[in-house]
Structures are given as C-alpha cells and as structure tokens.
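*Asks:* Encoded as structure tokens, here's the structure I'll be asking about.
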Amino acid sequence: MAKPDILVIGGGVTGTITAITLAEAGAKVTLVDAGVNAGSDANAGSLHVQMQSRFMRLYPDQVPNVEAALPFYRAAAEEWVKLDAALGGVELVRKGGLMLAETADQLAFLEKKAAREAAKGLSVELLDRVSLDRIAPWLGPQIVGAELCRDEGKLNPLLANRLLKRRAEAAGVTRLTDRVTQLRMTSHDVEIDTPDATLHADQVVIAAAWGSGDLVNAFSVTLPTRAEPLHMNITEPGAPVINHLVQHAERSITLKQFSSGQIVIGGGWPATSQGSHAPPTVRHDSMLQNVALAARLAPAISSLKVIRTWAGMNTTIDGASVIGPLPYTKRIIMAIPGDAGYTLGPLVGRMAAQIAMDAPTDFDAGPFSPARFAN
Ligand SMILES: Cc1cc2nc3c(=O)[nH]c(=O)nc-3n(C[C@H](O)[C@H](O)[C@H](O)COP(=O)(O)OP(=O)(O)OC[C@H]3O[C@@H](n4cnc5c(N)ncnc54)[C@H](O)[C@@H]3O)c2cc1C
C-alpha cells in the first residue's frame with residue numbers, strides 16, 4: 001500500500017469526518033478501525049446541548065468542563081445541520097429538547113440549570129404544565145414542568161453512519177479493519193504497528209475513543225479514556241406524536257421518536273462489558289427499568305412493543321473534548337469528543353482535520369488541548 005499522507009485511527013463519526021475533510025482537501029488518507037465497539041454504531045441519535053442531569057449526577061467533578069463547553073455544543077449542533085444538508089438528509093429534526101420535572105425540587109433544579117445555560121448563550125426556557133400541554137400533550141399527569149432547550153434535536157444515526165461511510169469512500173479514503181497496537185516517531189514520519197502490518201504516515205489523527213489512551217501512553221501523555229457500556233431499546237412504530245428529544249431532571253433517560261414512528265429509549269442505563277474485543281451485553285434490569293420509566297413519562301407509548309435492545313460502548317474522559325497535537329509530538333493529533341460524543345463528533349473531527357492541515361479551526365481549540373494530560 002502506498003504511504004498515506006495522514007492515517008486516521010478510529011472510524012466512528014469523528015474519525016470518518018476527519019478522513020472525509022482531509023481527503024476532500026486533497027490529502028491521501030488511510031483510516032484504520034478495529035471494527036468493534038464504536039459508540040457511533042450504537043448511539044441513540046440525540047443532539048444534546050443542555051447539560052444532562054445524568055452526567056451532572058454521575059460525574060459532578062467534570063461538570064465545570066461541560067459547562068464551559070456549552071457554546072461548543074451549540075456550534076456542534078449547528079455543524080450537524082450543515083452535515084444533514086451536505087449528506088442529503090439524516091432525518092434531522094431540531095424542535096428542541098425537553099428535560100422533565102415530576103416534583104417542585106426537580107423544577108427548581110432545572111430553573112437554576114437553565115439560568116447557567118442561558119448565561120452561556122443557550123436558548124432555554126422553563127415551561128409550566130399548561131405550556132407543556134400545548135407542545136407535548138402525551139406527557140404523564142405527574143409532570144409538573146420542564147426545561148426546553150431549543151438548540152437540541154435528533155437524527156437517525158443508522159442513516160447518518162451509512163451516508164458518512166459512503167462519502168468517505170467517494171472521497172477516496174482507504175479503510176482498513178485492523179487494530180493499531182503501537183505508534184512510534186521516526187526521524188521523518190510516524191510508524192504504526194498493527195497485528196498485520198507496519199504502516200507509515202506523515203501525520204496520524206487518533207479518533208479511537210476508548211482506545212485512545214493506550215495509544216498515547218508512550219508519548220508522556222496520560223489520557224484517562226474510560227469505556228462505559230450502555231443500554232438502548234427501540235420499539236415498533238407508533239403514530240407520530242413526540243417531536244422533542246426528551247430527558248428527565250433526575251432519572252437516566254433519553255426518549256425520542258424517529259420518522260419511522262419508532263421510539264428510541266436509552267439515556268445511560270448500564271450494560272455489561274465484554275472487554276475491548278467484543279460488544280457489551282445487555283442487562284435485563286436495565287431494559288425493564290429503562291422502558292418502565294419511559295412508559296411512566298409518556299403513557300401514550302406504553303402499548304408499543306420493544307422490538308430490539310442493544311448495548312454499546314461510550315467513552316468518558318474529563319467532560320471536555322480532546323482536540324489538537326500531542327504536546328511533544330506534533331505529528332500526532334487527537335480527536336476525541338467530550339460527553340455526548342455523537343453530537344460533538346462532526347465538529348471535533350473537522351477541527352482535527354483543520355489542525356492537521358495547519359488551517360484555522362472553526363472554533364477555538366485551545367481549551368481542548370491534550371496538553372492538559374501531559375505528564
Ligand atoms: C448506547 C449509546 C448511546 C449513545 N447515544 C448518544 C446520543 O444519543 N447522542 C450523543 O451525542 N452521543 C451518544 N453516545 C455517545 C456517542 O455515541 C460517542 O461518544 C461517539 O459516537 C464517539 O464517536 P467517535 O467517532 O469519537 O468514537 P467511536 O464511535 O467510539 O469510534 C471509535 C472507533 O475507534 C476504534 N478503535 C479503538 N481503538 C482502536 C485501535 N487501537 N486501533 C484501531 N481502531 C481503534 C473502535 O473500534 C471504534 O470503531 C452514545 C453512546 C452509546 C454507547
């Protein structure tokens with residue numbers, strides 16, 4: 001194989017966008033992907049912008065990073081709108097996201113959260129039950145109010161992933177299914193080991209999500225990438241009623257309706273890891289509690305049958321994205337989205353490509369520099 005200019009490790013949404021951007025700018029690009037546990041292949045298609053209560057509960061120490069990045073989330077949702085047009089439609093609907101409250105305390109929490117988000121430029125407002133009934137009449141009687149974030153939306157990730165792969169192929173990206181085990185600097189390029197080959201490239205972009213930490217240890221960078229196995233459900237099609245992305249102020253849930261009428265229910269219920277070489281497996285307790293909560297919040301969907309469940313591998317780091325060259329090794333560039341990585345992936349992937357091309361980035365990459373993990 002001829003030596004690529006740039007080798008991208010990881011073929012999820014982030015790495016694929018990086019590869020497309022570089023190839024369409026004229027670079028010779030090879031993408032190497034291990035072919036397992038891509039969060040992008042398992043995700044729910046929610047465009048998240050407001051701070052997720054689940055994340056705030058589980059990772060309070062990481063909230064400052066997410067909060068600082070709220071304008072970045074907004075820009076990332078805009079990036080998806082452009083991508084939707086460029087790919088010819090990924091069923092993107094941007095009617096906003098509702099975070100529901102069932103108690104006065106939850107509503108008070110949302111009120112404070114909305115004030116913080118508005119200060120960062122998000123389009124948020126608090127709705128009482130009367131206002132909610134006008135836009136979401138299918139809610140359970142116990143819902144007292146909600147935060148509406150107009151920046152949020154939903155899309156069909158199966159369709160988006162298929163169109164992205166097709167676009168990469170059309171742009172001339174060479175895709176290999178293999179697992180990178182080690183990277184080394186030579187005097188003039190980067191040497192890349194896989195079990196099957198040793199490759200060389202002028203530059204490498206690491207968009208390997210949970211697999212990224214192991215690849216950069218040798219470069220005096222400790223990147224605490226953690227794999228987080230999560231559960232998802234999808235129902236049979238129902239009549240179209242739900243326009244919004246739906247979450248809860250305290251409980252783990254995301255709920256949305258695809259244009260097929262199917263309801264996708266998830267929101268971070270745990271699955272069981274089988275390691276990095278096999279997909280995680282579903283947990284029955286996650287399925288039952290996840291769908292029971294969905295039926296409680298939206299009784300109108302409770303007669304729909306769940307037709308499929310699956311589990312996928314999410315990645316957490318410190319709440320913020322990691323974008324930019326390694327501190328001591330400029331030929332290696334990181335591209336790892338922070339929390340809600342499918343939302344952030346296209347913008348992160350594009351910025352990593354811009355950095356590789358030495359071009360100005362669409363958004364200030366400074367706060368996301370890998371230098372914060374330098375030993
Ligand atoms: C069940 C679930 C639901 C989710 N729902 C949403 C949602 O609704 N909205 C949202 O914004 N986010 C969601 N996420 C998060 C989101 O899916 C991920 O953060 C995002 O897809 C990450 O994209 P990525 O391209 O950076 O990485 P991934 O899609 O995880 O891809 C990384 C790729 O790198 C490969 N790789 C790893 N190590 C190596 C190596 N050494 N060599 C070669 N290849 C390697 C992997 O095999 C994988 O294919 C969800 C995640 C899960 C698991």
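Naming works like this for the structure tokens: A, B, ... for the chains as they're shown, residue 1 at the start of each chain, ligands 1 onward in shown order.
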Under the rule of at most 7 Å, produce a per-residue listing of chain A near ligand 1: chain, number, name, the closest pair of atoms, and the distance in Å, as a tab-separated table, using only C-alpha atoms and all ligand atoms.
*Replies:*
```
residue	atom	partner	partner_atom_place_in_ligand_line	distance
A:Ile9	CA	ligand 1	43 (C)	5.2
A:Gly10	CA	ligand 1	34 (O)	3.4
A:Gly11	CA	ligand 1	33 (C)	5.0
A:Gly12	CA	ligand 1	25 (O)	3.3
A:Val13	CA	ligand 1	25 (O)	4.0
A:Thr14	CA	ligand 1	25 (O)	3.8
A:Gly15	CA	ligand 1	25 (O)	5.4
A:Val32	CA	ligand 1	43 (C)	5.4
A:Asp33	CA	ligand 1	44 (N)	3.7
A:Ala34	CA	ligand 1	44 (N)	3.8
A:Gly35	CA	ligand 1	47 (O)	4.7
A:Val36	CA	ligand 1	47 (O)	4.2
A:Asn37	CA	ligand 1	47 (O)	5.2
A:Ala38	CA	ligand 1	30 (O)	3.6
A:Gly39	CA	ligand 1	30 (O)	3.8
A:Ser40	CA	ligand 1	21 (O)	3.3
A:Asp41	CA	ligand 1	29 (O)	6.3
A:Ala42	CA	ligand 1	1 (C)	5.0
A:Asn43	CA	ligand 1	3 (C)	3.4
A:Ala44	CA	ligand 1	8 (O)	3.7
A:Gly45	CA	ligand 1	8 (O)	4.1
A:Ser46	CA	ligand 1	8 (O)	3.6
A:Leu47	CA	ligand 1	11 (O)	5.5
A:His48	CA	ligand 1	11 (O)	5.7
A:Asp178	CA	ligand 1	43 (C)	5.9
A:Arg179	CA	ligand 1	42 (N)	3.6
A:Val180	CA	ligand 1	42 (N)	3.8
A:Thr181	CA	ligand 1	41 (N)	5.6
A:Ala207	CA	ligand 1	26 (O)	5.5
A:Ala208	CA	ligand 1	34 (O)	3.5
A:Ala209	CA	ligand 1	27 (O)	4.5
A:Trp210	CA	ligand 1	37 (C)	6.0
A:Gly211	CA	ligand 1	38 (N)	3.5
A:Ser212	CA	ligand 1	38 (N)	6.0
A:Leu215	CA	ligand 1	41 (N)	6.6
A:Pro229	CA	ligand 1	53 (C)	6.1
A:Leu230	CA	ligand 1	1 (C)	4.7
A:His231	CA	ligand 1	1 (C)	5.3
A:Met232	CA	ligand 1	1 (C)	5.4
A:Gly266	CA	ligand 1	3 (C)	6.9
A:Ala311	CA	ligand 1	1 (C)	5.7
A:Gly312	CA	ligand 1	53 (C)	3.9
A:Met313	CA	ligand 1	53 (C)	4.0
A:Asn314	CA	ligand 1	53 (C)	3.8
A:Thr315	CA	ligand 1	19 (O)	5.9
A:Ile336	CA	ligand 1	26 (O)	5.1
A:Pro337	CA	ligand 1	26 (O)	5.6
A:Asp339	CA	ligand 1	19 (O)	6.4
A:Ala340	CA	ligand 1	11 (O)	3.5
A:Gly341	CA	ligand 1	19 (O)	3.1
A:Tyr342	CA	ligand 1	11 (O)	3.6
A:Thr343	CA	ligand 1	11 (O)	3.7
A:Leu344	CA	ligand 1	11 (O)	6.4
A:Gly345	CA	ligand 1	23 (O)	5.7
```
*Asks:* When you draw a straight line from atom CA of Leu176 of chain A to atom CA of Ala352 of chain A, how long is it in Å?
*Replies:*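 According to the coordinates, atom CA of Leu176 of chain A and atom CA of Ala352 of chain A are separated by 20.1 Å.
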*Asks:* Which residues of segment 54-141 of chain A come within 10 Å of segment 239-262 of chain A, and for each one, what is the closest pair of atoms and their distance in Å to one decimal, counting only C-alpha atoms, sorted by chain and residue number, as CSV?
*Replies:*
```
residue,atom,partner,partner_atom,distance
A:Arg54,CA,A:Ser252,CA,5.5
A:Phe55,CA,A:Ser252,CA,9.0
A:Met56,CA,A:Glu250,CA,9.4
A:Arg57,CA,A:Glu250,CA,8.0
A:Glu91,CA,A:Ser259,CA,7.1
A:Leu92,CA,A:Ser259,CA,9.4
A:Val93,CA,A:Asn243,CA,8.0
A:Arg94,CA,A:His244,CA,7.9
A:Lys95,CA,A:His244,CA,5.8
A:Gly96,CA,A:His244,CA,5.6
A:Gly97,CA,A:Leu245,CA,4.4
A:Leu98,CA,A:Val246,CA,4.9
A:Met99,CA,A:Gln247,CA,4.5
A:Leu100,CA,A:His248,CA,4.5
A:Ala101,CA,A:Ala249,CA,5.6
A:Glu102,CA,A:Ala249,CA,8.2
A:Thr103,CA,A:Ala249,CA,9.5
A:Asp105,CA,A:Ala249,CA,9.6
A:Gln106,CA,A:Ala249,CA,5.9
A:Leu107,CA,A:Ala249,CA,7.7
A:Ala108,CA,A:Ala249,CA,9.9
A:Phe109,CA,A:Ala249,CA,7.6
A:Leu110,CA,A:Ala249,CA,6.8
A:Lys113,CA,A:Ala249,CA,9.9
A:Ile135,CA,A:Asn243,CA,8.4
A:Ala136,CA,A:Ile242,CA,7.0
A:Pro137,CA,A:Val241,CA,8.7
A:Trp138,CA,A:Val241,CA,7.4
A:Leu139,CA,A:Ile242,CA,9.6
```
*Asks:* I want to know what sits within 12 Å of Ser187 of chain A, based on only C-alpha atoms, with residues of the same chain fewer than 5 positions away left out; could you give that as a PyMOL selection string?
*Replies:* chain A and resi 200+202+329+331
*Asks:* Write out as number ranges by chain the set of residues from segment 178-252 of chain A that DSSP, computed on the backbone, places in strand (DSSP E or B).
*Replies:* A: 182-185, 190-193, 198-201, 203-206, 221, 226-237, 245-248
*Asks:* Please determine, counting only C-alpha atoms, which residue among A:Gly268, A:Arg116, A:Thr177, A:Ala146 has the shortest atom-to-atom distance to Val130 of chain A.
*Replies:*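 Result for the nearest residue to Val130 of chain A: A:Ala146.
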*Asks:* Suppose you want the space between atom CA of Ala320 of chain A and atom CA of Glu191 of chain A; what is it in Å?
*Replies:* 28.5 Å
*Asks:* Which one is closest to Asn217 of chain A: A:Leu326, A:Val173, A:Met351, A:Ala118? Count only C-alpha atoms.
*Replies:*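 Comparing A:Leu326, A:Val173, A:Met351, A:Ala118 against Asn217 of chain A, the winner is A:Leu326.
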*Asks:* Can you work out the spacing between atom CA of Ala365 of chain A and atom CA of Ser276 of chain A in Å, to one decimal?
*Replies:*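 Pair atom CA of Ala365 of chain A / atom CA of Ser276 of chain A returns 29.2 Å.
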*Asks:* As a PyMOL selection string, which residues of segment 197-254 of chain A does DSSP assign to alpha helix (DSSP H)?
*Replies:* chain A and resi 212-216
*Asks:* Might you pull out every residue within 12 Å of Ile355 of chain A, with only C-alpha atoms counted and same-chain residues fewer than 5 positions away left off, and present them as a list in words?
*Replies:*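 Within the cut-off, the hits are Thr18, Thr21, Leu22, Gln203, Val204, Val205, Ile323, Gly324, Pro325, Leu326, Lys330, Arg331, Ile332, Ile333, Met334, Ala335, Val348, Gly349, Arg350, Pro360, Thr361, Asp362, Phe363, Asp364, Ala365, Gly366 and Ser369 of chain A.
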*Asks:* With only C-alpha atoms as the atoms that count, which of A:Asp358, A:Asp5, A:Asp84, A:Asp318 lies nearest to Phe373 of chain A?
*Replies:*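 The shortest atom-to-atom distance to Phe373 of chain A comes from A:Asp318.
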*Asks:* Env of Asn233 of chain A: 9 Å cut, atoms = only C-alpha atoms, seq-sep filter 3 positions within chain, self excluded. Answer as a list in words.
*Replies:* Ile263, Val264, Ile265, Gly266, Met287, Asn290, Val291, Val306, Ile307, Arg308, Thr309, Trp310 and Ala311 of chain A
*Asks:* Write a file of the just-selected residues containing C-alpha atoms, as a short mmCIF file (atom, residue, chain, number, x, y, z; two decimals), in the first residue's frame.
*Replies:*
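This went into out.cif:
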```cif
data_model
loop_
_atom_site.label_atom_id
_atom_site.label_comp_id
_atom_site.auth_asym_id
_atom_site.auth_seq_id
_atom_site.Cartn_x
_atom_site.Cartn_y
_atom_site.Cartn_z
CA ILE A 263 -39.40 5.23 19.83
CA VAL A 264 -35.74 5.03 20.81
CA ILE A 265 -35.30 4.74 24.57
CA GLY A 266 -31.95 4.97 26.33
CA MET A 287 -34.08 -2.89 29.92
CA ASN A 290 -35.46 1.97 31.29
CA VAL A 291 -38.67 1.15 29.42
CA VAL A 306 -39.90 -3.16 22.36
CA ILE A 307 -38.57 -4.95 19.28
CA ARG A 308 -34.84 -4.70 19.88
CA THR A 309 -32.35 -3.91 22.62
CA TRP A 310 -28.63 -3.48 22.25
CA ALA A 311 -25.58 -2.35 24.16
#
```
*Asks:* Fewer than 4 positions away in the same chain doesn't count, so skip those; otherwise give me all residues within 7 Å of Ala201 of chain A, counting only C-alpha atoms, as a PyMOL selection string.
*Replies:* chain A and resi 3-7+189-191
*Asks:* Which of these, A:Thr272, A:Ser321, A:Thr194, A:Ser53, has the shortest distance to Ser286 of chain A once you count only C-alpha atoms?
*Replies:*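 So, comparing all the options, the nearest one is A:Thr272.
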